[in-house]
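> So here's data_27.pdb, just PDB, C-alpha atoms:
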MODEL        1
ATOM      1  CA  MET A   1     -21.353   6.479  -6.598  1.00  0.00           C
ATOM      2  CA  VAL A   2     -17.932   6.977  -8.235  1.00  0.00           C
ATOM      3  CA  LEU A   3     -17.435  10.557  -7.069  1.00  0.00           C
ATOM      4  CA  LEU A   4     -18.760   9.629  -3.629  1.00  0.00           C
ATOM      5  CA  HIS A   5     -16.013   6.998  -3.498  1.00  0.00           C
ATOM      6  CA  VAL A   6     -13.431   9.710  -4.235  1.00  0.00           C
ATOM      7  CA  ALA A   7     -14.797  11.818  -1.370  1.00  0.00           C
ATOM      8  CA  ARG A   8     -14.803   8.815   0.977  1.00  0.00           C
ATOM      9  CA  ARG A   9     -11.185   8.007   0.194  1.00  0.00           C
ATOM     10  CA  PHE A  10     -10.230  11.669   0.700  1.00  0.00           C
ATOM     11  CA  HIS A  11     -12.031  11.633   4.059  1.00  0.00           C
ATOM     12  CA  ASP A  12     -10.500   8.334   5.180  1.00  0.00           C
ATOM     13  CA  GLU A  13      -6.961   8.806   3.916  1.00  0.00           C
ATOM     14  CA  ILE A  14      -6.188  12.509   3.489  1.00  0.00           C
ATOM     15  CA  ASP A  15      -8.272  14.489   5.961  1.00  0.00           C
ATOM     16  CA  ARG A  16     -11.657  14.328   7.644  1.00  0.00           C
ATOM     17  CA  LEU A  17     -14.313  16.131   5.626  1.00  0.00           C
ATOM     18  CA  ARG A  18     -16.803  18.343   7.393  1.00  0.00           C
ATOM     19  CA  ASP A  19     -20.148  19.829   6.384  1.00  0.00           C
ATOM     20  CA  GLY A  20     -19.664  22.088   3.387  1.00  0.00           C
ATOM     21  CA  ASP A  21     -16.280  20.661   2.337  1.00  0.00           C
ATOM     22  CA  VAL A  22     -17.661  18.859  -0.726  1.00  0.00           C
ATOM     23  CA  HIS A  23     -19.384  20.840  -3.453  1.00  0.00           C
ATOM     24  CA  GLY A  24     -21.253  18.988  -6.169  1.00  0.00           C
ATOM     25  CA  TRP A  25     -24.015  20.027  -8.519  1.00  0.00           C
ATOM     26  CA  VAL A  26     -24.536  23.758  -8.823  1.00  0.00           C
ATOM     27  CA  GLY A  27     -26.956  25.824 -10.862  1.00  0.00           C
ATOM     28  CA  GLU A  28     -24.588  28.796 -10.998  1.00  0.00           C
ATOM     29  CA  ARG A  29     -23.416  29.230 -14.564  1.00  0.00           C
ATOM     30  CA  ARG A  30     -20.474  31.476 -13.699  1.00  0.00           C
ATOM     31  CA  ILE A  31     -17.277  29.425 -13.955  1.00  0.00           C
ATOM     32  CA  SER A  32     -13.572  30.197 -13.583  1.00  0.00           C
ATOM     33  CA  ALA A  33     -12.347  27.363 -15.810  1.00  0.00           C
ATOM     34  CA  GLU A  34     -14.109  25.569 -18.651  1.00  0.00           C
ATOM     35  CA  TYR A  35     -14.103  22.191 -16.875  1.00  0.00           C
ATOM     36  CA  GLU A  36     -16.111  23.702 -14.001  1.00  0.00           C
ATOM     37  CA  SER A  37     -19.158  23.473 -16.270  1.00  0.00           C
ATOM     38  CA  ASN A  38     -19.222  19.800 -15.233  1.00  0.00           C
ATOM     39  CA  TYR A  39     -20.698  20.891 -11.885  1.00  0.00           C
ATOM     40  CA  LEU A  40     -23.805  21.914 -13.848  1.00  0.00           C
ATOM     41  CA  SER A  41     -24.285  18.345 -15.065  1.00  0.00           C
ATOM     42  CA  GLY A  42     -23.455  16.730 -11.731  1.00  0.00           C
ATOM     43  CA  THR A  43     -20.420  14.964 -13.175  1.00  0.00           C
ATOM     44  CA  ALA A  44     -17.843  16.722 -10.974  1.00  0.00           C
ATOM     45  CA  ILE A  45     -17.186  17.552  -7.345  1.00  0.00           C
ATOM     46  CA  ALA A  46     -14.868  19.960  -5.609  1.00  0.00           C
ATOM     47  CA  ILE A  47     -13.383  18.966  -2.277  1.00  0.00           C
ATOM     48  CA  ARG A  48     -12.526  22.059  -0.253  1.00  0.00           C
ATOM     49  CA  PRO A  49     -12.542  24.400  -3.263  1.00  0.00           C
ATOM     50  CA  LEU A  50     -11.583  27.411  -1.134  1.00  0.00           C
ATOM     51  CA  SER A  51      -8.445  25.583   0.006  1.00  0.00           C
ATOM     52  CA  TYR A  52      -7.505  24.483  -3.510  1.00  0.00           C
ATOM     53  CA  PRO A  53      -8.832  27.184  -5.884  1.00  0.00           C
ATOM     54  CA  VAL A  54      -8.397  27.464  -9.647  1.00  0.00           C
ATOM     55  CA  GLY A  55      -4.786  28.215 -10.520  1.00  0.00           C
ATOM     56  CA  ALA A  56      -3.277  27.249  -7.174  1.00  0.00           C
ATOM     57  CA  THR A  57      -0.836  24.338  -7.265  1.00  0.00           C
ATOM     58  CA  ASN A  58       1.250  22.377  -4.777  1.00  0.00           C
ATOM     59  CA  GLY A  59      -1.521  22.552  -2.174  1.00  0.00           C
ATOM     60  CA  LEU A  60      -1.320  18.869  -1.340  1.00  0.00           C
ATOM     61  CA  TYR A  61       1.486  17.294   0.647  1.00  0.00           C
ATOM     62  CA  PRO A  62       3.474  14.487  -1.053  1.00  0.00           C
ATOM     63  CA  ASN A  63       1.714  11.769   0.992  1.00  0.00           C
ATOM     64  CA  GLU A  64      -1.660  13.237  -0.011  1.00  0.00           C
ATOM     65  CA  LEU A  65      -0.616  13.127  -3.674  1.00  0.00           C
ATOM     66  CA  VAL A  66       0.165   9.421  -3.247  1.00  0.00           C
ATOM     67  CA  VAL A  67      -3.450   8.882  -2.191  1.00  0.00           C
ATOM     68  CA  VAL A  68      -4.876  10.978  -5.053  1.00  0.00           C
ATOM     69  CA  ARG A  69      -2.768   9.052  -7.579  1.00  0.00           C
ATOM     70  CA  ASP A  70      -3.882   5.765  -6.031  1.00  0.00           C
ATOM     71  CA  ILE A  71      -7.533   6.799  -6.315  1.00  0.00           C
ATOM     72  CA  LEU A  72      -7.102   7.693  -9.986  1.00  0.00           C
ATOM     73  CA  ALA A  73      -5.371   4.383 -10.743  1.00  0.00           C
ATOM     74  CA  GLU A  74      -7.938   2.404  -8.746  1.00  0.00           C
ATOM     75  CA  LEU A  75     -10.717   4.008 -10.799  1.00  0.00           C
ATOM     76  CA  ASP A  76      -9.023   3.121 -14.099  1.00  0.00           C
ATOM     77  CA  GLY A  77      -9.028   6.628 -15.559  1.00  0.00           C
ATOM     78  CA  VAL A  78     -12.769   7.064 -15.086  1.00  0.00           C
ATOM     79  CA  VAL A  79     -12.075  10.051 -12.819  1.00  0.00           C
ATOM     80  CA  VAL A  80      -9.936  13.004 -13.873  1.00  0.00           C
ATOM     81  CA  TRP A  81      -8.234  15.137 -11.252  1.00  0.00           C
ATOM     82  CA  GLY A  82      -8.182  18.914 -11.586  1.00  0.00           C
ATOM     83  CA  GLY A  83      -4.507  18.981 -10.632  1.00  0.00           C
ATOM     84  CA  HIS A  84      -3.849  17.573 -14.106  1.00  0.00           C
ATOM     85  CA  LEU A  85      -6.002  20.161 -15.888  1.00  0.00           C
ATOM     86  CA  ALA A  86      -5.173  23.649 -17.117  1.00  0.00           C
ATOM     87  CA  PRO A  87      -5.636  25.780 -15.207  1.00  0.00           C
ATOM     88  CA  ALA A  88      -5.090  23.469 -12.259  1.00  0.00           C
ATOM     89  CA  LYS A  89      -7.691  23.072  -9.529  1.00  0.00           C
ATOM     90  CA  GLU A  90      -6.566  20.460  -7.044  1.00  0.00           C
ATOM     91  CA  SER A  91      -9.994  20.304  -5.391  1.00  0.00           C
ATOM     92  CA  HIS A  92     -11.702  19.235  -8.645  1.00  0.00           C
ATOM     93  CA  PHE A  93     -12.576  15.635  -9.564  1.00  0.00           C
ATOM     94  CA  GLU A  94     -14.732  14.807 -12.574  1.00  0.00           C
ATOM     95  CA  ILE A  95     -16.043  11.836 -14.487  1.00  0.00           C
ATOM     96  CA  GLY A  96     -13.743  11.636 -17.500  1.00  0.00           C
ATOM     97  CA  VAL A  97     -15.739   9.263 -19.714  1.00  0.00           C
ATOM     98  CA  LYS A  98     -19.133   9.494 -21.360  1.00  0.00           C
ATOM     99  CA  PRO A  99     -22.249   8.147 -19.595  1.00  0.00           C
ATOM    100  CA  GLY A 100     -22.615   4.420 -20.154  1.00  0.00           C
ATOM    101  CA  HIS A 101     -18.922   3.919 -20.979  1.00  0.00           C
ATOM    102  CA  PRO A 102     -17.872   0.326 -20.174  1.00  0.00           C
ATOM    103  CA  ARG A 103     -15.115   1.459 -17.807  1.00  0.00           C
ATOM    104  CA  LEU A 104     -17.575   3.641 -15.883  1.00  0.00           C
ATOM    105  CA  LYS A 105     -19.958   0.721 -15.544  1.00  0.00           C
ATOM    106  CA  GLY A 106     -17.119  -1.568 -14.455  1.00  0.00           C
ATOM    107  CA  VAL A 107     -15.821   0.853 -11.832  1.00  0.00           C
ATOM    108  CA  ALA A 108     -19.347   1.412 -10.498  1.00  0.00           C
ATOM    109  CA  ARG A 109     -19.830  -2.361 -10.189  1.00  0.00           C
ATOM    110  CA  LYS A 110     -16.475  -2.702  -8.416  1.00  0.00           C
ATOM    111  CA  ILE A 111     -17.369   0.022  -5.896  1.00  0.00           C
ATOM    112  CA  ALA A 112     -20.831  -1.470  -5.337  1.00  0.00           C
ATOM    113  CA  GLY A 113     -19.168  -4.815  -4.592  1.00  0.00           C
ATOM    114  CA  TRP A 114     -16.932  -3.165  -2.006  1.00  0.00           C
ATOM    115  CA  VAL A 115     -19.897  -1.440  -0.366  1.00  0.00           C
ATOM    116  CA  GLU A 116     -21.943  -4.643  -0.264  1.00  0.00           C
ATOM    117  CA  GLY A 117     -18.992  -6.887   0.603  1.00  0.00           C
ATOM    118  CA  PRO A 118     -17.345  -7.749   3.906  1.00  0.00           C
ATOM    119  CA  GLY A 119     -15.600  -4.361   4.209  1.00  0.00           C
ATOM    120  CA  ASP A 120     -12.052  -5.490   3.480  1.00  0.00           C
ATOM    121  CA  GLU A 121     -11.831  -3.542   0.193  1.00  0.00           C
ATOM    122  CA  GLY A 122     -12.556  -0.013  -0.980  1.00  0.00           C
ATOM    123  CA  ALA A 123     -12.658   3.246   0.962  1.00  0.00           C
ATOM    124  CA  GLY A 124     -11.462   2.805   4.513  1.00  0.00           C
ATOM    125  CA  ALA A 125      -9.737  -0.500   3.791  1.00  0.00           C
ATOM    126  CA  THR A 126      -7.153   0.674   1.259  1.00  0.00           C
ATOM    127  CA  ASP A 127      -3.448   1.236   1.832  1.00  0.00           C
ATOM    128  CA  ALA A 128      -2.287   3.628  -0.890  1.00  0.00           C
ATOM    129  CA  PHE A 129       1.282   3.177   0.368  1.00  0.00           C
ATOM    130  CA  ASP A 130       1.373  -0.567  -0.264  1.00  0.00           C
ATOM    131  CA  PRO A 131       4.301  -1.094  -2.687  1.00  0.00           C
ATOM    132  CA  LYS A 132       2.137  -2.924  -5.240  1.00  0.00           C
ATOM    133  CA  ARG A 133      -0.477  -0.146  -5.226  1.00  0.00           C
ATOM    134  CA  ARG A 134       2.204   2.553  -5.496  1.00  0.00           C
ATOM    135  CA  SER A 135       3.763   0.762  -8.451  1.00  0.00           C
ATOM    136  CA  ARG A 136       0.377   0.452 -10.130  1.00  0.00           C
ATOM    137  CA  ALA A 137      -0.371   4.140  -9.512  1.00  0.00           C
ATOM    138  CA  ARG A 138       3.009   5.199 -10.992  1.00  0.00           C
ATOM    139  CA  SER A 139       2.412   2.963 -14.010  1.00  0.00           C
ATOM    140  CA  PHE A 140      -1.080   4.402 -14.475  1.00  0.00           C
ATOM    141  CA  ALA A 141       0.270   7.970 -14.218  1.00  0.00           C
ATOM    142  CA  ARG A 142       2.842   7.256 -16.959  1.00  0.00           C
ATOM    143  CA  ARG A 143       0.158   5.793 -19.259  1.00  0.00           C
ATOM    144  CA  ALA A 144      -2.235   8.677 -18.570  1.00  0.00           C
ATOM    145  CA  ALA A 145       0.391  11.371 -19.228  1.00  0.00           C
TER     146      ALA A 145
ENDMDL
END
Using the file provided, produce a representation of the structure as structure tokens.

Amino acid sequence: MVLLHVARRFHDEIDRLRDGDVHGWVGERRISAEYESNYLSGTAIAIRPLSYPVGATNGLYPNELVVVRDILAELDGVVVWGGHLAPAKESHFEIGVKPGHPRLKGVARKIAGWVEGPGDEGAGATDAFDPKRRSRARSFARRAA
């Protein structure tokens, strides 16, 4: 549910996703970076991995980075972005806490509430450029650094 939310926000606010743009669980054990092993457990996705491969940086435009930072802040550090990992992989998003972690449960409940609610919150109803959200995302980025 959490990683699906990331993909939905990417689709709604960065660029329309098409069939094959999102890669999730894989059984292939060959990896380019250690964190890619998270695909084996289903705790990571790659959005357009051929467009944003391991080691490539600065693939996102500044306005797209605003959205990514807003997503990370909205999800309270539960999701880690590959652009912050070494080596970088801007297509990579992974669950950054252990299963059952209270923050993971809280974020999942929040997303479920948005999905079940009237539709005025969550993916498709978010303005990452709202000054309050941008301030919160900058504050989150400073704390996470």
> Once the PyMOL selection byres ((chain A and resi 133) around 12) is applied to the coordinates I shared, what remains selected? I want it as a VMD selection string.
chain A and resid 66 to 74 126 to 132 134 to 140
> Nearest residue to Leu4 of chain A out of A:Ser51, A:Asn63, A:Thr43, A:Thr57, using all atoms listed in the file?
A:Thr43
> If you count all atoms listed in the file, which residues fall within 8 Å of segment 12-18 of chain A, apart from same-chain ones fewer than 4 positions away, as a list in words?
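The contact residues come out as Arg8, Val22, Glu64, Val67, Ala123 and Gly124 of chain A.
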> Using all atoms listed in the file, which of the listed residues (A:Arg109, A:Arg143, A:Lys89, A:Arg29) sits closest to Gly122 of chain A?
A:Arg109
> I'd like the residues picked by the PyMOL selection byres ((chain A and resi 24) around 9) written out as a ChimeraX atom specification, using the chain letters and numbers from the file.
/A:22-23,25-26,39-40,42-47
> Between A:Arg9, A:Tyr61, A:Ser91, A:Ser41, single out the one closest to Gly27 of chain A, counting all atoms listed in the file.
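Using all atoms listed in the file, Gly27 of chain A sits closest to A:Ser41.
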> For atom CA of Asp21 of chain A and atom CA of Met1 of chain A, determine how far apart the two atoms are, in Å to one decimal place.
17.5 Å
> Applying the PyMOL selection byres ((chain A and resi 96) around 10) to the file I just gave you, which residues come out? Please list them as a PyMOL selection string.
chain A and resi 43-44+77-81+93-95+97-99+101+104
> Taking all atoms of segment 50-63 of chain A that the file lists and extending 3 Å past them on each side, where is the centre of the axis-aligned box and how long are its edges? Answer in Å to one decimal, as JSON.

{"center_x": -4.1, "center_y": 20.0, "center_z": -4.8, "size_x": 21.1, "size_y": 22.4, "size_z": 17.5}
> For Leu75 of chain A, which residue among A:His92, A:Val107, A:Leu3, A:Ala112 is the nearest when counting only C-alpha atoms?
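Going through A:His92, A:Val107, A:Leu3, A:Ala112 one by one, the smallest distance to Leu75 of chain A is for A:Val107.
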> Give the answer as one residue: which of A:Asp76, A:Ala144, A:Ala86, A:Asp19 has the shortest atom-to-atom distance to Pro102 of chain A, using all atoms listed in the file?
A:Asp76
> Between atom CA of Asn58 of chain A and atom CA of Gly83 of chain A, what is the distance in Å, rounded to a tenth?
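It comes out at 8.9 Å.
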> Near segment 33-35 of chain A, within 8 Å and counting only C-alpha atoms, which residues show up once chain neighbours fewer than 2 positions away are dropped, as an mmCIF file with C-alpha atoms, in the coordinates of the input?

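File written: selection29.cif
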data_model
loop_
_atom_site.group_PDB
_atom_site.id
_atom_site.type_symbol
_atom_site.label_atom_id
_atom_site.label_comp_id
_atom_site.auth_asym_id
_atom_site.auth_seq_id
_atom_site.Cartn_x
_atom_site.Cartn_y
_atom_site.Cartn_z
ATOM 1 C CA ILE A 31 -17.277 29.425 -13.955
ATOM 2 C CA SER A 37 -19.158 23.473 -16.270
ATOM 3 C CA ASN A 38 -19.222 19.800 -15.233
ATOM 4 C CA VAL A 54 -8.397 27.464 -9.647
ATOM 5 C CA PRO A 87 -5.636 25.780 -15.207
#
> So the first atom is atom CA of Gly55 of chain A and the second is atom CA of Ser32 of chain A; what is the distance between them in Å, to one decimal place?
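Taking atom CA of Gly55 of chain A and atom CA of Ser32 of chain A, their separation equals 9.5 Å.
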> With N, CA and C atoms as the goal, would you fill in the gaps in segment 50-72 of chain A and present it as a CSV table (one decimal), keeping the file's coordinate frame?

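Output file part_16.csv is given in full below:
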chain,number,residue,atom,x,y,z
A,50,LEU,N,-12.2,26.2,-1.6
A,50,LEU,CA,-11.6,27.4,-1.1
A,50,LEU,C,-10.1,27.2,-0.7
A,51,SER,N,-9.8,25.9,-0.4
A,51,SER,CA,-8.4,25.6,0.0
A,51,SER,C,-7.6,25.3,-1.2
A,52,TYR,N,-8.2,24.8,-2.3
A,52,TYR,CA,-7.5,24.5,-3.5
A,52,TYR,C,-8.2,25.1,-4.7
A,53,PRO,N,-8.1,26.5,-4.8
A,53,PRO,CA,-8.8,27.2,-5.9
A,53,PRO,C,-8.2,27.0,-7.3
A,54,VAL,N,-8.9,27.5,-8.3
A,54,VAL,CA,-8.4,27.5,-9.6
A,54,VAL,C,-7.1,28.2,-9.7
A,55,GLY,N,-6.1,27.6,-10.3
A,55,GLY,CA,-4.8,28.2,-10.5
A,55,GLY,C,-3.8,27.9,-9.4
A,56,ALA,N,-4.2,27.5,-8.3
A,56,ALA,CA,-3.3,27.2,-7.2
A,56,ALA,C,-2.7,25.8,-7.3
A,57,THR,N,-1.5,25.7,-7.1
A,57,THR,CA,-0.8,24.3,-7.3
A,57,THR,C,0.0,24.1,-6.0
A,58,ASN,N,0.4,22.8,-5.9
A,58,ASN,CA,1.2,22.4,-4.8
A,58,ASN,C,0.6,22.6,-3.4
A,59,GLY,N,-0.8,22.4,-3.4
A,59,GLY,CA,-1.5,22.6,-2.2
A,59,GLY,C,-1.6,21.3,-1.4
A,60,LEU,N,-1.3,20.2,-2.0
A,60,LEU,CA,-1.3,18.9,-1.3
A,60,LEU,C,0.1,18.4,-0.9
A,61,TYR,N,0.2,17.8,0.2
A,61,TYR,CA,1.5,17.3,0.6
A,61,TYR,C,1.8,16.1,-0.2
A,62,PRO,N,3.1,15.7,-0.3
A,62,PRO,CA,3.5,14.5,-1.1
A,62,PRO,C,2.7,13.2,-0.7
A,63,ASN,N,2.5,13.0,0.6
A,63,ASN,CA,1.7,11.8,1.0
A,63,ASN,C,0.3,11.8,0.5
A,64,GLU,N,-0.3,13.1,0.5
A,64,GLU,CA,-1.7,13.2,0.0
A,64,GLU,C,-1.7,13.0,-1.5
A,65,LEU,N,-0.7,13.4,-2.2
A,65,LEU,CA,-0.6,13.1,-3.7
A,65,LEU,C,-0.5,11.6,-4.0
A,66,VAL,N,0.1,10.9,-3.1
A,66,VAL,CA,0.2,9.4,-3.2
A,66,VAL,C,-1.3,8.9,-3.2
A,67,VAL,N,-2.1,9.4,-2.3
A,67,VAL,CA,-3.4,8.9,-2.2
A,67,VAL,C,-4.3,9.3,-3.4
A,68,VAL,N,-4.1,10.5,-3.9
A,68,VAL,CA,-4.9,11.0,-5.1
A,68,VAL,C,-4.5,10.1,-6.3
A,69,ARG,N,-3.2,9.9,-6.4
A,69,ARG,CA,-2.8,9.1,-7.6
A,69,ARG,C,-3.3,7.6,-7.5
A,70,ASP,N,-3.3,7.1,-6.2
A,70,ASP,CA,-3.9,5.8,-6.0
A,70,ASP,C,-5.4,5.7,-6.4
A,71,ILE,N,-6.1,6.7,-6.0
A,71,ILE,CA,-7.5,6.8,-6.3
A,71,ILE,C,-7.7,6.8,-7.8
A,72,LEU,N,-7.0,7.6,-8.5
A,72,LEU,CA,-7.1,7.7,-10.0
A,72,LEU,C,-6.8,6.4,-10.6
